[in-house]
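Shown below: my_file17.cif, with mmCIF, C-alpha atoms and all ligand atoms.
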data_run
loop_
_atom_site.label_atom_id
_atom_site.label_comp_id
_atom_site.auth_asym_id
_atom_site.auth_seq_id
_atom_site.Cartn_x
_atom_site.Cartn_y
_atom_site.Cartn_z
CA MET A 1 32.04 15.60 -86.23
CA ASP A 2 29.53 16.25 -83.41
CA ILE A 3 31.28 15.40 -80.14
CA TRP A 4 27.90 14.76 -78.47
CA GLN A 5 26.82 12.12 -80.97
CA VAL A 6 29.92 10.43 -82.37
CA GLN A 7 30.08 6.70 -81.56
CA SER A 8 33.26 4.76 -80.85
CA LYS A 9 34.57 2.23 -83.35
CA VAL A 10 36.73 -0.81 -82.68
CA THR A 11 39.46 0.80 -84.78
CA ASP A 12 39.56 3.90 -82.51
CA SER A 13 42.37 4.29 -79.98
CA TRP A 14 41.83 3.04 -76.42
CA MET A 15 42.06 6.60 -75.09
CA TRP A 16 39.40 7.91 -77.47
CA ARG A 17 37.02 5.08 -76.60
CA GLN A 18 37.50 5.79 -72.87
CA LEU A 19 36.72 9.48 -73.42
CA LEU A 20 33.51 8.60 -75.23
CA LYS A 21 32.57 6.20 -72.42
CA VAL A 22 33.01 8.99 -69.87
CA ARG A 23 30.93 11.30 -72.08
CA ASP A 24 28.10 8.76 -72.15
CA MET A 25 28.25 8.23 -68.36
CA VAL A 26 28.08 11.97 -67.73
CA LEU A 27 25.27 12.46 -70.25
CA ASN A 28 23.37 9.64 -68.57
CA ARG A 29 23.88 11.12 -65.11
CA PHE A 30 22.62 14.54 -66.16
CA GLY A 31 19.73 13.20 -68.22
CA GLY A 32 20.94 14.49 -71.59
CA ARG A 33 22.98 17.06 -73.39
CA ASN A 34 20.85 20.09 -72.54
CA ASN A 35 21.05 19.40 -68.80
CA LEU A 36 24.79 18.82 -68.99
CA GLN A 37 25.43 22.01 -70.96
CA SER A 38 23.32 23.96 -68.52
CA ALA A 39 25.27 22.43 -65.58
CA ILE A 40 28.56 23.43 -67.25
CA GLU A 41 27.25 26.96 -67.78
CA ASN A 42 26.60 27.13 -64.03
CA CYS A 43 30.28 26.27 -63.42
CA HIS A 44 31.39 29.65 -64.73
CA ILE A 45 32.33 32.02 -61.94
CA ASN A 46 33.17 35.60 -62.96
CA GLY A 47 33.27 34.48 -66.59
CA LYS A 48 35.81 31.70 -65.94
CA LEU A 49 35.16 27.97 -66.02
CA ARG A 50 36.08 26.65 -62.55
CA ILE A 51 37.37 23.08 -62.31
CA SER A 52 36.23 22.88 -58.66
CA ALA A 53 32.68 23.77 -59.68
CA ILE A 54 32.73 21.09 -62.39
CA TYR A 55 33.98 18.57 -59.83
CA ASN A 56 31.14 19.46 -57.48
CA ALA A 57 28.61 19.15 -60.29
CA LEU A 58 29.95 15.76 -61.34
CA THR A 59 29.97 14.35 -57.82
CA LEU A 60 26.18 14.58 -57.72
CA PRO A 61 25.68 11.06 -56.28
CA ALA A 62 27.36 12.04 -52.99
CA THR A 63 24.90 14.90 -52.60
CA TYR A 64 22.08 12.73 -53.79
CA ALA A 65 22.73 10.23 -51.01
CA ALA A 66 22.03 12.99 -48.49
CA TRP A 67 18.65 13.62 -50.14
CA SER A 68 17.69 9.99 -50.19
CA ASP A 69 15.71 9.93 -46.91
CA THR A 70 14.12 13.28 -47.67
CA ILE A 71 12.81 12.03 -50.99
CA TRP A 72 12.11 8.34 -50.50
CA GLY A 73 12.22 7.51 -46.81
CA GLY A 74 8.92 8.09 -45.12
CA LEU A 75 5.22 8.01 -45.65
CA HIS A 76 5.47 9.74 -49.01
CA TYR A 77 3.01 9.14 -51.78
CA PRO A 78 5.17 7.72 -54.61
CA LYS A 79 3.98 10.40 -57.06
CA HIS A 80 5.01 13.12 -54.57
CA SER A 81 8.46 11.55 -54.19
CA VAL A 82 8.97 11.39 -57.95
CA ILE A 83 8.23 15.08 -58.45
CA LEU A 84 10.45 16.03 -55.49
CA TRP A 85 13.21 13.80 -56.86
CA LEU A 86 13.00 15.31 -60.34
CA ASN A 87 13.10 18.80 -58.90
CA THR A 88 16.06 17.98 -56.68
CA LEU A 89 17.91 16.84 -59.81
CA SER A 90 16.72 20.01 -61.64
CA ARG A 91 14.93 17.86 -64.19
CA LEU A 92 11.39 19.18 -64.03
CA LEU A 93 10.57 20.76 -67.37
CA THR A 94 10.21 24.29 -66.10
CA LYS A 95 9.82 27.13 -68.58
CA ASP A 96 13.40 28.33 -68.25
CA ARG A 97 14.60 24.88 -69.33
CA LEU A 98 12.08 24.71 -72.17
CA CYS A 99 13.33 28.09 -73.39
CA LYS A 100 16.92 26.83 -73.36
CA MET A 101 15.78 23.84 -75.40
CA GLY A 102 14.12 26.19 -77.90
CA ILE A 103 10.65 24.76 -77.19
CA LEU A 104 9.23 27.91 -75.57
CA ASN A 105 9.98 31.57 -76.06
CA GLU A 106 8.39 32.97 -72.89
CA ASN A 107 9.13 31.98 -69.32
CA GLN A 108 6.78 34.01 -67.17
CA CYS A 109 5.78 32.28 -63.93
CA ILE A 110 2.11 31.28 -64.22
CA LEU A 111 1.69 31.41 -60.43
CA CYS A 112 2.62 35.06 -59.88
CA SER A 113 2.91 36.52 -63.41
CA ALA A 114 5.73 38.67 -62.04
CA GLN A 115 8.95 36.65 -62.27
CA GLN A 116 10.56 34.13 -64.57
CA GLU A 117 9.69 30.50 -64.01
CA THR A 118 12.67 28.55 -62.71
CA SER A 119 12.48 25.65 -60.29
CA LYS A 120 14.08 27.73 -57.53
CA HIS A 121 11.59 30.51 -58.07
CA MET A 122 8.62 28.15 -58.12
CA PHE A 123 9.79 26.29 -54.96
CA PHE A 124 9.36 28.55 -52.96
CA GLU A 125 10.54 32.07 -53.75
CA CYS A 126 7.42 32.83 -55.79
CA GLN A 127 5.03 34.87 -53.64
CA PHE A 128 2.24 32.35 -54.37
CA SER A 129 4.24 29.32 -53.25
CA ALA A 130 6.00 31.23 -50.44
CA HIS A 131 2.59 31.82 -48.86
CA ILE A 132 1.82 28.10 -49.07
CA TRP A 133 5.21 27.02 -47.74
CA ASN A 134 5.06 29.51 -44.86
CA GLU A 135 1.65 28.14 -43.89
CA ILE A 136 2.98 24.58 -44.02
CA MET A 137 6.07 25.49 -41.98
CA GLU A 138 3.82 27.15 -39.43
CA TRP A 139 1.54 24.11 -39.33
CA SER A 140 4.57 21.84 -38.92
CA ASP A 141 5.69 23.92 -35.96
CA TYR A 142 9.11 24.61 -37.48
CA SER A 143 11.28 26.94 -35.46
CA TRP A 144 13.12 27.94 -38.67
CA ARG A 145 11.83 29.63 -41.79
CA SER A 146 13.22 29.62 -45.30
CA CYS A 147 11.84 29.87 -48.81
CA ASN A 148 15.26 29.23 -50.36
CA TRP A 149 15.33 25.82 -52.02
CA ASP A 150 18.99 25.04 -51.27
CA GLN A 151 18.57 25.90 -47.60
CA ILE A 152 15.36 23.86 -47.34
CA ILE A 153 16.73 20.69 -48.95
CA SER A 154 19.92 21.02 -46.92
CA TRP A 155 17.95 21.47 -43.67
CA TYR A 156 15.74 18.50 -44.44
CA SER A 157 18.71 16.31 -45.38
CA THR A 158 20.55 17.23 -42.20
CA ASN A 159 17.81 17.45 -39.58
CA LEU A 160 15.08 15.12 -40.76
CA LYS A 161 17.07 11.97 -41.38
CA GLY A 162 16.11 8.70 -39.74
CA LYS A 163 13.08 6.57 -39.02
CA GLY A 164 11.22 8.60 -36.40
CA TYR A 165 7.49 8.78 -37.06
CA MET A 166 7.29 12.56 -36.82
CA LYS A 167 10.32 12.95 -39.06
CA LYS A 168 8.57 10.85 -41.68
CA ILE A 169 5.49 13.05 -41.47
CA LYS A 170 7.57 16.21 -41.69
CA ARG A 171 9.36 14.82 -44.73
CA MET A 172 5.92 14.42 -46.28
CA THR A 173 5.25 18.12 -45.91
CA LEU A 174 8.00 18.96 -48.40
CA SER A 175 7.12 16.31 -50.99
CA ALA A 176 3.40 17.07 -50.75
CA THR A 177 3.94 20.82 -51.09
CA VAL A 178 6.24 20.47 -54.09
CA TYR A 179 3.80 18.06 -55.72
CA TRP A 180 0.74 20.27 -55.26
CA ILE A 181 2.51 23.41 -56.45
CA TRP A 182 3.78 21.61 -59.55
CA LYS A 183 0.27 20.22 -60.15
CA GLU A 184 -1.22 23.70 -59.80
CA ARG A 185 1.31 25.11 -62.28
CA ASN A 186 0.33 22.41 -64.81
CA LEU A 187 -3.38 22.90 -64.15
CA ARG A 188 -3.06 26.61 -64.94
CA ILE A 189 -0.94 26.10 -68.05
CA PHE A 190 -2.68 23.12 -69.60
CA GLN A 191 -6.27 23.45 -68.38
CA GLY A 192 -6.66 27.15 -67.68
CA ARG A 193 -8.04 26.42 -64.19
CA MET A 194 -6.66 27.57 -60.86
CA HIS A 195 -6.83 27.25 -57.09
CA THR A 196 -6.01 29.85 -54.48
CA SER A 197 -2.95 29.35 -52.30
CA ASP A 198 -5.24 28.71 -49.32
CA GLN A 199 -7.05 25.96 -51.22
CA LEU A 200 -3.70 24.34 -51.96
CA VAL A 201 -2.69 24.55 -48.30
CA ARG A 202 -5.86 22.61 -47.47
CA GLU A 203 -5.10 20.02 -50.18
CA ILE A 204 -1.59 19.54 -48.82
CA LYS A 205 -2.80 19.14 -45.24
CA THR A 206 -5.54 16.76 -46.34
CA SER A 207 -3.16 14.56 -48.31
CA ILE A 208 -0.83 14.31 -45.31
CA LEU A 209 -3.61 13.72 -42.81
CA SER A 210 -5.29 11.04 -44.90
CA LYS A 211 -2.00 9.15 -45.08
CA VAL A 212 -1.56 9.46 -41.32
CA LEU A 213 -5.13 8.33 -40.62
CA LYS A 214 -4.78 5.31 -42.90
CA ARG A 215 -1.65 4.35 -41.02
CA GLU A 216 -3.30 4.97 -37.66
CA ASN A 217 -6.12 2.63 -38.68
CA ALA A 218 -3.56 -0.05 -39.43
CA TYR A 219 -2.42 -0.25 -35.82
CA ILE A 220 -2.77 1.60 -32.55
CA ARG A 221 0.39 3.39 -31.53
CA PRO A 222 1.04 5.19 -28.24
CA VAL A 223 1.49 8.95 -28.61
CA SER A 224 5.07 10.02 -27.96
CA GLU A 225 6.27 13.35 -26.59
CA GLY A 226 7.45 14.42 -30.07
CA ASP A 227 3.98 13.85 -31.55
CA LYS A 228 2.41 16.33 -29.17
CA ASN A 229 4.35 19.13 -30.86
CA PHE A 230 2.62 18.51 -34.18
CA ASN A 231 -0.73 20.18 -34.35
CA PHE A 232 -2.89 18.32 -36.84
CA ILE A 233 -5.81 20.72 -36.71
ZN ZN B 1 6.09 33.16 -59.45
#
Would you write the structure of this file as structure tokens?
Amino acid sequence: MDIWQVQSKVTDSWMWRQLLKVRDMVLNRFGGRNNLQSAIENCHINGKLRISAIYNALTLPATYAAWSDTIWGGLHYPKHSVILWLNTLSRLLTKDRLCKMGILNENQCILCSAQQETSKHMFFECQFSAHIWNEIMEWSDYSWRSCNWDQIISWYSTNLKGKGYMKKIKRMTLSATVYWIWKERNLRIFQGRMHTSDQLVREIKTSILSKVLKRENAYIRPVSEGDKNFNFI
């Protein structure tokens, strides 16, 4: 009997049917068996399976709520939000995941050819994407700097919540950067073409500015003090 596939029958005990229901809910939340098994593997600390780590992994919706504004609330392009959302849930099909699924047998990062491709490496520990993200942080006039994904998403979720206009623009910087880096990775793998990191920085700035200009054309809005800190040039 395969515990991942067995279906409940009306003749099964109540307890067994409840266990299978929970299994299906968890599988659904993690987007399949491979993701769930990989999440459970991450719950091992010093070779031991930690119940507290499993609890944290299973309470994903509480964490997700904190990301909500970062991912969906703002001036985001929908396609940028979707890629950011998938990455936040660790569901982008990066090479490390494809290797675990047995689909690929090499996981070299196509952006730097020096490290293994994982989502945390690609956003933004990779030297290629770190250069882009540092440029975008500089452009956004951030007083902090980090290329660590967990720190970035936590900072965004904590400090860029709310409806302020500049916060919405700054939220765009993350979704646009993630989108363009993921697009560049796919362009290199599937089409054999490439851009430089500086070209991508320009694409990211252009996509943000064009959204801002479209909005500015929709209505005239007085410039606030906060806006003056954001250098669009
Ligand atoms: Zn890399």
**Prompt:** Residues at most 12 Å from ligand ZN 1 (chain B), using all atoms listed in the file? Could they come as a ChimeraX atom specification?
**Reply:** /A:94-95,107-131,181-182,184-185
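Nearest residue to Val82 (chain A), choosing from A:Tyr179, A:Trp139, A:Trp149, A:Tyr156 and counting all atoms listed in the file: A:Tyr179.
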**From A:Ile3, A:Leu75, A:Leu89, A:Ile152, residue lying nearest Lys167 (chain A) [all atoms listed in the file]** = A:Leu75
Show me, as a tab-separated table, the residues of region 147-175 of chain A having an atom within 10 Å of region 207-217 of chain A, each with the closest atom pair and its distance in Å, using all atoms listed in the file.
residue	atom	partner	partner_atom	distance
A:Ile169	CA	A:Ile208	CA	7.5
A:Lys170	CA	A:Ile208	CA	9.3
A:Met172	CA	A:Ile208	CA	6.8
A:Thr173	CA	A:Ile208	CA	7.2
A:Ser175	CA	A:Ile208	CA	10.0
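With CA of Asp198 (chain A) on one side and CA of Arg171 (chain A) on the other, the separation reads 20.7 Å.
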**Prompt:** Suppose you want the space between CA of Asp12 (chain A) and CA of Leu36 (chain A); what is it in Å?
**Reply:** 25.0 Å
**Asked** Of the candidates A:Thr70, A:Trp14, A:Ser38, A:Thr196, which shows the shortest atom-to-atom distance to Trp155 (chain A), using all atoms listed in the file?
**Response**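 Closest to Trp155 (chain A) of all the choices is A:Thr70.
Take CA of Glu138 (chain A) and CA of Thr206 (chain A): the distance between them is 15.6 Å.
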**Request:** Check the smallest atom-to-atom distance from each of A:Asp2, A:Leu200, A:Gly164, A:Asn148 to Lys183 (chain A) using only C-alpha atoms, then report the winner.
**Result:**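 Smallest distance to Lys183 (chain A) is found for A:Leu200.
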